[in-house]
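J.: To be precise about what I am sending: the file is called start.txt and holds compact mmCIF, C-alpha atoms.
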```txt
# COMPACT_ATOMS: atom_id res chain seq x y z
CA MET A 11 -15.84 -26.41 -11.22
CA GLN A 12 -17.32 -24.08 -8.58
CA ALA A 13 -14.32 -24.90 -6.41
CA LEU A 14 -12.02 -23.31 -8.99
CA THR A 15 -13.56 -19.85 -9.39
CA ASP A 16 -11.45 -16.92 -8.22
CA ASN A 17 -13.92 -16.05 -5.49
CA SER A 18 -14.06 -19.57 -4.05
CA LEU A 19 -10.26 -19.89 -4.18
CA MET A 20 -9.94 -16.60 -2.34
CA LEU A 21 -12.45 -17.80 0.27
CA LYS A 22 -10.22 -20.84 0.81
CA VAL A 23 -7.21 -18.54 1.23
CA LYS A 24 -9.27 -16.55 3.73
CA SER A 25 -10.04 -19.72 5.69
CA GLY A 26 -6.31 -20.47 6.00
CA ASP A 27 -5.58 -22.58 2.90
CA THR A 28 -2.72 -20.30 1.79
CA ASP A 29 -1.66 -22.71 -0.99
CA LYS A 30 -4.57 -21.56 -3.16
CA LEU A 31 -2.98 -18.14 -3.48
CA GLY A 32 -0.52 -19.77 -5.91
CA LEU A 33 -3.31 -20.50 -8.38
CA LEU A 34 -4.70 -16.97 -8.05
CA TYR A 35 -1.20 -15.61 -8.63
CA GLU A 36 -0.78 -17.66 -11.81
CA ARG A 37 -4.13 -16.44 -13.10
CA HIS A 38 -3.65 -12.74 -12.42
CA LYS A 39 0.08 -11.99 -12.39
CA LYS A 40 0.34 -10.98 -16.06
CA ARG A 41 -2.58 -8.59 -16.03
CA LEU A 42 -1.48 -7.00 -12.77
CA PHE A 43 2.03 -6.61 -14.14
CA GLY A 44 0.51 -5.13 -17.32
CA PHE A 45 -1.51 -2.64 -15.28
CA PHE A 46 1.49 -1.42 -13.29
CA TYR A 47 3.79 -1.46 -16.31
CA ASN A 48 1.45 0.53 -18.52
CA MET A 49 0.87 2.99 -15.71
CA SER A 50 4.52 3.52 -14.76
CA GLY A 51 6.61 2.28 -17.72
CA ASN A 52 8.95 0.73 -15.16
CA ALA A 53 9.27 -3.08 -15.30
CA SER A 54 11.14 -3.71 -12.07
CA LEU A 55 8.87 -1.41 -10.06
CA SER A 56 5.87 -3.20 -11.59
CA GLU A 57 7.19 -6.58 -10.40
CA ASP A 58 7.62 -5.17 -6.88
CA LEU A 59 4.08 -3.83 -6.91
CA VAL A 60 2.64 -7.18 -8.08
CA GLN A 61 4.38 -8.78 -5.10
CA ASN A 62 2.89 -6.09 -2.83
CA VAL A 63 -0.60 -6.91 -4.10
CA PHE A 64 -0.29 -10.54 -2.99
CA VAL A 65 1.31 -9.60 0.34
CA LYS A 66 -1.62 -7.27 0.92
CA ILE A 67 -4.14 -9.96 -0.08
CA LEU A 68 -2.75 -12.18 2.68
CA LYS A 69 -2.77 -9.31 5.14
CA TYR A 70 -6.33 -8.26 4.41
CA LYS A 71 -7.85 -11.60 3.43
CA HIS A 72 -10.37 -11.27 6.28
CA THR A 73 -11.99 -8.34 4.44
CA PHE A 74 -12.85 -10.49 1.40
CA THR A 75 -16.56 -11.30 1.34
CA GLY A 76 -16.78 -13.41 -1.82
CA GLU A 77 -19.42 -11.11 -3.28
CA GLY A 78 -18.96 -9.19 -6.52
CA SER A 79 -16.21 -9.48 -9.09
CA PHE A 80 -12.81 -10.75 -7.94
CA ASP A 81 -11.18 -8.78 -10.78
CA ALA A 82 -12.67 -5.57 -9.46
CA TRP A 83 -11.52 -6.41 -5.91
CA ILE A 84 -7.93 -7.22 -6.83
CA PHE A 85 -7.52 -4.29 -9.24
CA LYS A 86 -8.97 -1.87 -6.70
CA MET A 87 -6.28 -3.09 -4.33
CA ALA A 88 -3.64 -2.79 -7.08
CA ARG A 89 -4.71 0.77 -7.81
CA ASN A 90 -4.45 1.76 -4.14
CA ILE A 91 -1.00 0.17 -3.91
CA TYR A 92 0.11 2.08 -7.01
CA TYR A 93 -0.97 5.48 -5.71
CA ASP A 94 0.22 4.72 -2.15
CA HIS A 95 3.68 3.86 -3.47
CA PHE A 96 4.11 7.27 -5.05
CA LYS A 97 2.53 9.05 -2.11
CA LYS A 98 4.80 7.21 0.37
CA TYR A 99 8.01 8.03 -1.43
CA ASN A 100 6.75 11.44 -2.44
CA ARG A 101 7.71 10.70 -6.02
CA LYS A 102 6.40 12.25 -9.15
CA ILE A 103 4.69 9.64 -11.33
CA ASP A 104 6.56 9.70 -14.60
CA VAL A 105 6.06 7.22 -17.42
CA ASN A 106 9.44 6.17 -18.69
CA PRO A 107 9.33 5.35 -22.42
CA LEU A 108 12.96 4.16 -22.55
CA SER A 109 12.42 1.32 -20.11
CA SER A 110 9.87 -0.23 -22.45
CA ILE A 111 12.27 -0.12 -25.41
CA GLU A 112 14.99 -1.96 -23.53
CA TYR A 113 12.51 -4.61 -22.56
CA LYS A 114 11.30 -5.10 -26.11
CA LEU A 115 14.72 -5.15 -27.75
CA GLN A 116 15.45 -8.56 -26.31
CA ASP A 117 13.40 -10.66 -28.69
CA SER A 118 13.31 -8.98 -32.06
CA ASP A 119 15.65 -9.93 -34.93
CA ASP A 120 15.09 -7.48 -37.72
CA VAL A 121 16.81 -4.14 -37.05
CA ASN A 122 14.46 -1.99 -39.17
CA ALA A 123 11.37 -3.59 -37.75
CA LYS A 124 12.88 -3.08 -34.33
CA MET A 125 13.37 0.64 -34.97
CA ASP A 126 9.85 1.12 -36.32
CA TYR A 127 8.44 -0.80 -33.45
CA ASN A 128 10.43 1.20 -30.95
CA ASP A 129 9.28 4.47 -32.55
CA ASN A 130 5.66 3.44 -32.10
CA VAL A 131 6.22 2.21 -28.57
CA VAL A 132 7.98 5.42 -27.59
CA GLN A 133 5.32 7.57 -29.25
CA LEU A 134 2.53 5.79 -27.43
CA ARG A 135 4.35 5.77 -24.09
CA VAL A 136 5.20 9.48 -24.36
CA ALA A 137 1.61 10.27 -25.27
CA LEU A 138 0.31 8.21 -22.35
CA GLY A 139 2.75 10.00 -20.07
CA LYS A 140 1.31 13.36 -21.10
CA ILE A 141 -2.29 12.63 -20.15
CA SER A 142 -3.40 12.67 -16.51
CA GLN A 143 -3.05 9.62 -14.21
CA GLU A 144 -6.82 9.25 -13.93
CA LYS A 145 -7.21 9.20 -17.70
CA ARG A 146 -4.29 6.85 -18.19
CA GLU A 147 -5.67 4.34 -15.71
CA VAL A 148 -9.10 4.18 -17.30
CA LEU A 149 -7.45 3.47 -20.67
CA VAL A 150 -5.11 0.83 -19.23
CA LEU A 151 -8.05 -0.93 -17.57
CA SER A 152 -10.21 -0.70 -20.72
CA LYS A 153 -7.44 -2.41 -22.65
CA PHE A 154 -8.02 -5.66 -20.71
CA LYS A 155 -10.46 -7.52 -22.93
CA GLU A 156 -12.20 -9.37 -20.13
CA MET A 157 -12.71 -6.23 -18.06
CA LYS A 158 -16.25 -4.85 -18.24
CA PHE A 159 -17.02 -1.16 -17.80
CA SER A 160 -19.15 -2.07 -14.78
CA GLU A 161 -15.99 -3.54 -13.16
CA ILE A 162 -13.90 -0.53 -14.19
CA GLY A 163 -16.55 1.64 -12.53
CA THR A 164 -16.24 -0.38 -9.30
CA ILE A 165 -12.44 -0.05 -9.38
CA LEU A 166 -12.56 3.69 -9.97
CA GLY A 167 -15.44 4.23 -7.57
CA CYS A 168 -17.95 5.50 -10.13
CA SER A 169 -20.90 4.22 -12.15
CA GLU A 170 -20.58 2.14 -15.34
CA GLY A 171 -21.79 5.09 -17.43
CA ALA A 172 -19.28 7.45 -15.79
CA ALA A 173 -16.47 4.95 -16.55
CA LYS A 174 -17.44 4.99 -20.24
CA VAL A 175 -17.50 8.78 -20.30
CA LYS A 176 -14.08 8.90 -18.59
CA ALA A 177 -12.65 6.46 -21.16
CA HIS A 178 -14.08 8.48 -24.04
CA ARG A 179 -12.59 11.72 -22.76
CA ALA A 180 -9.25 10.05 -22.07
CA LEU A 181 -9.13 8.85 -25.68
CA LYS A 182 -9.90 12.37 -26.88
CA ASP A 183 -7.02 13.73 -24.80
CA LEU A 184 -4.70 11.05 -26.12
CA LYS A 185 -5.60 11.88 -29.71
CA THR A 186 -4.91 15.57 -29.01
CA VAL A 187 -1.48 14.67 -27.63
CA PHE A 188 -0.73 12.56 -30.72
CA MET A 189 -1.62 15.53 -32.94
CA GLN A 190 0.59 17.89 -30.94
CA MET A 191 3.47 15.43 -31.20
CA GLU A 192 3.06 15.22 -34.98
CA LYS A 193 3.39 19.00 -35.27
CA ILE A 194 6.76 19.02 -33.48
CA MET B 13 -27.76 13.61 -29.23
CA GLU B 14 -26.80 14.53 -25.70
CA LYS B 15 -23.00 14.72 -25.21
CA LYS B 16 -22.72 12.13 -22.41
CA LYS B 17 -25.01 9.69 -24.19
CA PHE B 18 -22.89 9.95 -27.34
CA GLU B 19 -19.71 9.41 -25.32
CA MET B 20 -21.12 6.28 -23.68
CA LEU B 21 -22.45 4.84 -26.95
CA ALA B 22 -19.14 5.48 -28.72
CA MET B 23 -17.29 3.53 -26.01
CA GLU B 24 -19.76 0.65 -26.22
CA TYR B 25 -19.22 0.63 -29.99
CA LEU B 26 -15.43 0.58 -29.70
CA SER B 27 -15.26 -1.98 -26.92
CA GLY B 28 -17.57 -4.33 -28.84
CA THR B 29 -20.27 -4.42 -26.19
CA MET B 30 -22.93 -2.81 -28.41
CA GLY B 31 -25.61 -5.02 -29.97
CA SER B 32 -25.77 -5.37 -33.77
CA GLU B 33 -29.01 -3.37 -34.17
CA GLU B 34 -27.69 -0.56 -32.01
CA ARG B 35 -24.49 -0.51 -34.07
CA ILE B 36 -26.49 0.01 -37.26
CA GLU B 37 -28.42 2.84 -35.59
CA PHE B 38 -25.17 4.40 -34.34
CA ASP B 39 -23.59 4.17 -37.82
CA LYS B 40 -26.65 5.90 -39.28
CA PHE B 41 -26.41 8.64 -36.68
CA LEU B 42 -22.72 9.25 -37.45
CA LYS B 43 -23.52 9.70 -41.16
CA THR B 44 -25.98 12.46 -40.31
CA SER B 45 -23.61 14.33 -37.98
CA PRO B 46 -20.12 15.20 -39.37
CA GLU B 47 -19.15 16.75 -36.05
CA HIS B 48 -19.80 13.52 -34.12
CA LEU B 49 -18.22 11.47 -36.92
CA GLN B 50 -15.00 13.49 -36.59
CA GLU B 51 -14.95 12.98 -32.83
CA PHE B 52 -15.63 9.27 -33.25
CA ASN B 53 -12.79 8.92 -35.78
CA ASP B 54 -10.45 10.69 -33.38
CA ILE B 55 -11.18 8.41 -30.47
CA HIS B 56 -11.19 5.38 -32.79
CA TYR B 57 -7.61 6.22 -33.79
CA ALA B 58 -6.50 6.59 -30.16
CA TRP B 59 -8.33 3.36 -29.23
CA SER B 60 -6.55 1.42 -31.99
CA GLN B 61 -3.22 2.69 -30.65
CA ILE B 62 -4.14 1.53 -27.16
CA GLU B 63 -5.32 -1.84 -28.53
CA SER B 64 -1.97 -2.40 -30.23
CA MET B 65 -0.05 -1.64 -27.05
CA GLU B 66 1.92 -4.69 -25.96
CA THR B 67 3.10 -5.51 -22.48
CA PRO B 68 6.30 -7.47 -21.84
CA GLU B 69 6.31 -10.66 -19.79
CA PRO B 70 7.28 -10.35 -16.14
CA SER B 71 10.60 -12.00 -15.24
CA GLU B 72 11.07 -15.41 -13.62
CA GLU B 73 12.46 -13.62 -10.60
CA MET B 74 9.01 -12.26 -9.85
CA ASP B 75 7.68 -15.84 -9.64
CA SER B 76 10.55 -16.96 -7.42
CA ARG B 77 9.96 -14.05 -5.05
CA PHE B 78 6.25 -14.75 -4.89
CA TYR B 79 6.72 -18.45 -4.10
CA GLU B 80 9.36 -17.62 -1.47
CA MET B 81 6.91 -15.23 0.14
CA LEU B 82 4.13 -17.84 0.02
CA HIS B 83 6.39 -20.49 1.50
CA ALA B 84 7.47 -18.13 4.30
CA GLN B 85 3.84 -17.29 5.01
CA LYS B 86 2.91 -21.00 5.19
CA SER B 87 5.76 -21.71 7.61
CA LYS B 88 4.70 -18.76 9.74
CA THR B 89 1.10 -20.03 9.84
CA SER B 90 2.13 -23.56 10.83
CA GLU B 91 4.39 -22.15 13.57
CA GLY B 92 1.43 -20.11 14.75
CA HIS B 93 -0.62 -23.32 14.98
CA LYS B 94 2.19 -25.02 16.90
CA ASN B 95 2.25 -22.14 19.37
CA ILE B 96 -1.49 -22.39 19.90
CA GLY B 97 -1.05 -26.13 20.54
CA GLU B 98 1.68 -25.43 23.08
CA LYS B 99 -0.47 -22.84 24.82
CA ILE B 100 -3.37 -25.30 25.12
CA MET B 101 -1.03 -27.93 26.54
CA SER B 102 0.36 -25.50 29.12
CA VAL B 103 -3.17 -24.50 30.17
CA LEU B 104 -4.15 -28.19 30.38
CA SER B 105 -1.10 -29.07 32.46
CA GLY B 106 -2.13 -26.32 34.87
CA ILE B 107 -5.62 -27.69 35.35
CA LEU B 108 -4.77 -31.40 35.27
CA ARG B 109 -4.89 -31.77 38.99
CA PRO B 110 -6.09 -35.11 40.46
CA GLN B 111 -9.59 -33.84 41.24
CA LEU B 112 -10.09 -32.80 37.59
CA ALA B 113 -8.43 -35.81 36.00
CA TYR B 114 -11.30 -38.16 36.84
CA GLY B 115 -13.82 -35.77 35.30
CA LEU B 116 -11.76 -35.38 32.15
CA ILE B 117 -11.40 -39.14 31.71
CA LEU B 118 -15.18 -39.52 31.93
CA LEU B 119 -15.65 -36.73 29.41
CA CYS B 120 -13.24 -38.41 26.96
CA ILE B 121 -15.04 -41.74 27.30
CA GLY B 122 -18.36 -39.99 26.65
CA LEU B 123 -17.01 -38.25 23.57
CA GLY B 124 -15.48 -41.49 22.28
CA VAL B 125 -18.75 -43.41 22.67
CA GLY B 126 -20.65 -40.56 21.02
CA TYR B 127 -18.20 -40.51 18.12
CA PHE B 128 -18.62 -44.21 17.37
CA MET B 129 -22.38 -44.30 17.87
CA LYS B 130 -23.43 -41.50 15.54
CA SER B 131 -23.43 -41.92 11.76
CA ASN B 132 -20.60 -39.57 10.95
CA PRO B 133 -21.36 -36.84 8.37
CA GLY B 134 -18.08 -35.11 9.29
CA ILE B 135 -16.10 -37.79 7.50
CA GLU B 136 -18.11 -37.23 4.33
CA THR B 137 -17.51 -33.47 4.50
CA THR B 138 -13.80 -34.06 4.96
CA THR B 139 -13.79 -36.38 1.96
CA VAL B 140 -15.49 -33.74 -0.22
CA VAL B 141 -13.02 -31.06 0.93
CA ASN B 142 -10.09 -33.39 0.24
CA GLU B 143 -11.43 -34.14 -3.24
CA GLU B 144 -11.73 -30.42 -3.94
CA THR B 145 -8.19 -29.82 -2.73
CA GLU B 146 -6.88 -32.62 -4.94
CA GLU B 147 -8.78 -31.18 -7.91
CA ILE B 148 -7.31 -27.73 -7.36
CA ARG B 149 -3.84 -29.15 -6.83
CA GLY B 150 -4.26 -31.06 -10.11
CA GLU B 151 -5.05 -27.78 -11.90
CA LEU B 152 -2.04 -26.12 -10.30
CA VAL B 153 0.27 -28.97 -11.35
CA LEU B 154 -0.97 -28.84 -14.95
CA THR B 155 -0.54 -25.04 -15.04
CA LEU B 156 2.95 -25.16 -13.55
CA LEU B 157 4.14 -27.94 -15.87
CA GLU B 158 3.28 -25.75 -18.86
CA GLN B 159 5.34 -22.78 -17.67
CA PRO B 160 8.43 -21.75 -19.68
CA SER B 161 10.52 -21.50 -16.52
CA ALA B 162 12.27 -24.72 -15.42
CA ASN B 163 11.93 -23.62 -11.79
CA LYS B 164 8.20 -23.42 -12.13
CA ARG B 165 8.01 -26.83 -13.79
CA LEU B 166 10.08 -28.25 -10.91
CA GLN B 167 7.57 -26.72 -8.52
CA GLY B 168 4.82 -28.40 -10.54
CA VAL B 169 6.48 -31.81 -10.17
CA SER B 170 6.99 -31.21 -6.47
CA GLU B 171 3.28 -30.30 -6.10
CA ALA B 172 2.48 -33.60 -7.86
CA ASN B 173 4.28 -35.44 -5.04
CA LYS B 174 1.66 -34.20 -2.58
CA PHE B 175 -1.20 -36.18 -4.14
CA LYS B 176 -2.66 -38.95 -2.05
CA LYS B 177 -3.94 -40.53 -5.24
CA ALA B 178 -2.92 -38.93 -8.54
CA ASN B 179 -5.46 -38.69 -11.34
CA ASP B 180 -4.87 -39.80 -14.93
CA LYS B 181 -4.45 -36.22 -16.19
CA VAL B 182 -1.58 -35.56 -13.79
CA ILE B 183 0.10 -38.90 -14.57
CA LYS B 184 -0.19 -38.16 -18.29
CA ALA B 185 1.31 -34.68 -17.75
CA LEU B 186 4.20 -36.14 -15.72
CA LEU B 187 4.93 -38.73 -18.43
CA GLU B 188 4.78 -35.98 -21.05
CA THR B 189 7.26 -33.97 -18.96
CA LEU B 190 9.54 -37.01 -18.66
CA ASN B 191 9.56 -37.48 -22.42
CA ASN B 192 9.67 -33.91 -23.68
CA ASP B 193 10.94 -31.49 -21.06
CA PRO B 194 14.13 -29.76 -22.24
CA ASN B 195 15.55 -29.63 -18.71
CA VAL B 196 17.26 -32.73 -17.27
CA ASN B 197 16.48 -31.81 -13.65
CA VAL B 198 12.79 -31.54 -14.41
CA ARG B 199 12.86 -34.94 -16.16
CA LEU B 200 14.64 -36.52 -13.18
CA ALA B 201 12.12 -34.97 -10.79
CA ALA B 202 9.31 -36.37 -12.97
CA ILE B 203 10.79 -39.89 -12.66
CA GLU B 204 10.97 -39.49 -8.89
CA SER B 205 7.37 -38.29 -8.75
CA LEU B 206 6.14 -41.14 -10.97
CA THR B 207 7.73 -43.70 -8.65
CA ASN B 208 4.92 -42.84 -6.19
CA TYR B 209 2.46 -44.57 -8.51
CA LEU B 210 4.33 -47.69 -9.58
CA ASP B 211 1.31 -49.85 -8.83
CA ASN B 212 -0.44 -48.09 -11.72
CA PRO B 213 0.16 -50.07 -14.97
CA ILE B 214 -0.01 -46.86 -17.07
CA VAL B 215 2.91 -45.43 -15.12
CA ARG B 216 5.04 -48.58 -15.48
CA GLU B 217 4.26 -48.80 -19.20
CA GLY B 218 4.99 -45.06 -19.62
CA LEU B 219 8.35 -45.38 -17.88
CA VAL B 220 9.31 -48.34 -20.09
CA GLN B 221 8.30 -46.53 -23.26
CA SER B 222 10.23 -43.46 -22.19
CA ILE B 223 13.58 -45.33 -22.13
CA VAL B 224 14.23 -45.00 -25.87
CA LYS B 225 13.24 -41.33 -25.85
CA GLN B 226 15.93 -40.27 -23.38
CA GLU B 227 19.18 -38.75 -24.57
CA SER B 228 20.67 -37.60 -21.27
CA PRO B 229 23.05 -40.19 -19.71
CA ILE B 230 21.92 -39.36 -16.17
CA VAL B 231 18.25 -39.92 -17.05
CA GLN B 232 19.13 -43.17 -18.86
CA VAL B 233 21.06 -44.43 -15.83
CA THR B 234 18.28 -43.41 -13.42
CA LEU B 235 15.71 -45.29 -15.49
CA ALA B 236 18.01 -48.32 -15.64
CA ASP B 237 18.36 -48.35 -11.83
CA LEU B 238 14.61 -48.04 -11.47
CA MET B 239 13.90 -50.89 -13.89
CA VAL B 240 16.37 -53.13 -12.04
CA ALA B 241 14.68 -52.31 -8.76
CA LEU B 242 11.29 -53.12 -10.29
CA GLN B 243 12.65 -56.18 -12.15
CA GLU B 244 10.64 -54.93 -15.13
CA LYS B 245 11.24 -57.46 -17.91
CA LYS B 246 9.49 -55.31 -20.52
CA SER B 247 12.33 -52.80 -20.23
CA VAL B 248 14.96 -55.20 -21.61
CA GLU B 249 14.02 -54.69 -25.24
CA PRO B 250 14.05 -50.83 -25.08
CA PHE B 251 17.42 -50.94 -23.30
CA LYS B 252 18.85 -53.21 -26.01
CA LYS B 253 17.53 -50.79 -28.61
CA LEU B 254 19.22 -47.91 -26.77
CA ILE B 255 22.53 -49.80 -26.61
CA ARG B 256 22.46 -50.20 -30.39
CA THR B 257 22.45 -46.42 -30.92
CA LYS B 258 25.86 -45.03 -31.86
CA GLU B 259 25.69 -41.85 -29.78
CA LEU B 260 25.35 -43.67 -26.47
CA ASP B 261 27.97 -42.87 -23.85
CA LYS B 262 30.38 -45.78 -23.25
CA SER B 263 29.92 -45.95 -19.49
CA VAL B 264 26.13 -45.73 -19.88
CA LYS B 265 26.32 -48.61 -22.35
CA GLU B 266 28.16 -50.74 -19.79
CA LYS B 267 25.68 -49.76 -17.11
CA LEU B 268 22.72 -50.73 -19.31
CA GLU B 269 24.30 -54.07 -20.14
CA THR B 270 24.75 -54.80 -16.42
CA SER B 271 21.17 -53.72 -15.78
CA ILE B 272 19.80 -56.02 -18.49
CA HIS B 273 21.81 -58.84 -17.01
CA SER B 274 20.38 -58.12 -13.52
CA ILE B 275 16.80 -58.04 -14.82
CA ILE B 276 17.09 -61.29 -16.80
```
Go ahead and express the file in the form of structure tokens.
T.:
Amino acid sequence: MQALTDNSLMLKVKSGDTDKLGLLYERHKKRLFGFFYNMSGNASLSEDLVQNVFVKILKYKHTFTGEGSFDAWIFKMARNIYYDHFKKYNRKIDVNPLSSIEYKLQDSDDVNAKMDYNDNVVQLRVALGKISQEKREVLVLSKFKEMKFSEIGTILGCSEGAAKVKAHRALKDLKTVFMQMEKI
Amino acid sequence: MEKKKFEMLAMEYLSGTMGSEERIEFDKFLKTSPEHLQEFNDIHYAWSQIESMETPEPSEEMDSRFYEMLHAQKSKTSEGHKNIGEKIMSVLSGILRPQLAYGLILLCIGLGVGYFMKSNPGIETTTVVNEETEEIRGELVLTLLEQPSANKRLQGVSEANKFKKANDKVIKALLETLNNDPNVNVRLAAIESLTNYLDNPIVREGLVQSIVKQESPIVQVTLADLMVALQEKKSVEPFKKLIRTKELDKSVKEKLETSIHSII
């Protein structure tokens, strides 16, 4: 099964076997979409950015060494693409809670449940939008169950311990925002 | 406890990466320090909110765009290779003057003799690489056939056509697709793909058994044509069974009767 690990597939892509990128795409598309979506709250932008990640992988495949975690490598690239996008278009990063409601409305039947659900979604999205980008990203990455803090550290360019401290402080900020929202 | 240490331990606790003994110690510590307990409860609440956060599925359009991009990239690469080939040929045509031709012929003979005389490990390496490629392609086919999008499943069937020798898992998945896929086009593509392996008895048997499971007239007719072409006598009984069903389209019924007649 060595031939099927992410790193060995990516090495094959690097050596010119572009077909293998399809398997890597199938394995990582949902989490990458989730990362962009939870960062921006914008579904169509997130799909564009996922596409950009794979275009960039092909462009910079020669830089892949096969050492270290593939997850860390691809998410580091995703993170750069995310920040570059907003830098390039000089846009303010703004989490849009309404976009997530529209997306979720499609597959729920019960109206009351839908409203409750939407309230919670909006509350969480608004709260996430009020904390800083750096804090939001550490929380979004921590949410991925398979992602270790050592990998999050590599993505953010800090140590494993520093990643844990960042996540802790981000959660504290989020809780403070929730409390402020309750008072209103 | 030092602030940073507490922050790190609390995150290990929440993310489930802390060992059981350390958890007990941490619980004990929290009971002795109301201030830390309050902070832990706060972040625990925020963490549970984050944990419950759901992400929608990306659209099928994202997949289509990706595969278009991949296809374009592959075409570009193969064109690049063609250009390199053309360049080499143009260089060769420049140097293929009579005085060099004799030398080149000798070189080719030497290489040819060398190739046949040595025990060739290159062939073995190529075989291993091909096996790996087939294995990966198999995985890709199985993944694609399970996708909710009909487009993706069609891509899966088309990938299956690229096998030099399909493995049992892929054949089983194609037969499963033929019998259960909700989309007629995918089922038709599966039939076409399975016709690559008609020398395999499992495939022939699977195709015969699938006759009674088909409800779409176009799939029924396609299978009938295939069975006539194969002169598969085992298919007569399933076709007769199909004809006896009330819902069968009249023209399909006539077609099946003609097919049975042609097979017998």
J.: Return the neighbours of chain A among the residues of chain B, cut-off 8 Å, counting only C-alpha atoms, as a PyMOL selection string.
T.: chain B and resi 16+19-20+22-24+51+54-55+57-59+61-63+65+67-70+74+77-79+81-82+85-86+144+148+152
J.: Using only C-alpha atoms for the distances, tell me which of A:Val132, A:Ile91, A:Met20, A:Met49 is nearest to A:Val148.
T.: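 Ranking A:Val132, A:Ile91, A:Met20, A:Met49 by distance to A:Val148, first place goes to A:Met49.
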J.: If we count only C-alpha atoms and set the cut-off at 8 Å, which residues sit around stretch 205-211 of chain B, ignoring sequence neighbours fewer than 2 positions away in its own chain? Please answer as a list in words.
T.: Val169, Ser170, Ala172, Asn173, Ala178, Ile183, Leu186, Leu187, Ala201, Ala202, Ile203, Pro213, Val215 and Arg216 of chain B
J.: Would you please work out which residue, of B:Lys176, B:Lys181, B:Arg256, B:Lys265, is nearest to B:Thr155 when using only C-alpha atoms?
T.: B:Lys181
J.: What does the structure give for the distance between atom CA of B:Lys262 and atom CA of B:Glu188, in Å to one decimal?
T.: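 These two atoms are separated by 27.5 Å.
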J.: Might you pull out every residue within 9 Å of A:Leu21, with all atoms listed in the file counted and same-chain residues fewer than 6 positions away left off, and present them as a PyMOL selection string?
T.: chain A and resi 27+71+74-76
J.: Could you tell me how far atom CA of B:Lys245 sits from atom CA of B:Val196, in Å to one decimal place?
T.: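 The value is 25.5 Å.
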J.: Tell me, in Å to one decimal, how far atom CA of A:Glu156 is from atom CA of A:Ile84.
T.: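 Here the two named atoms are 14.1 Å from each other.
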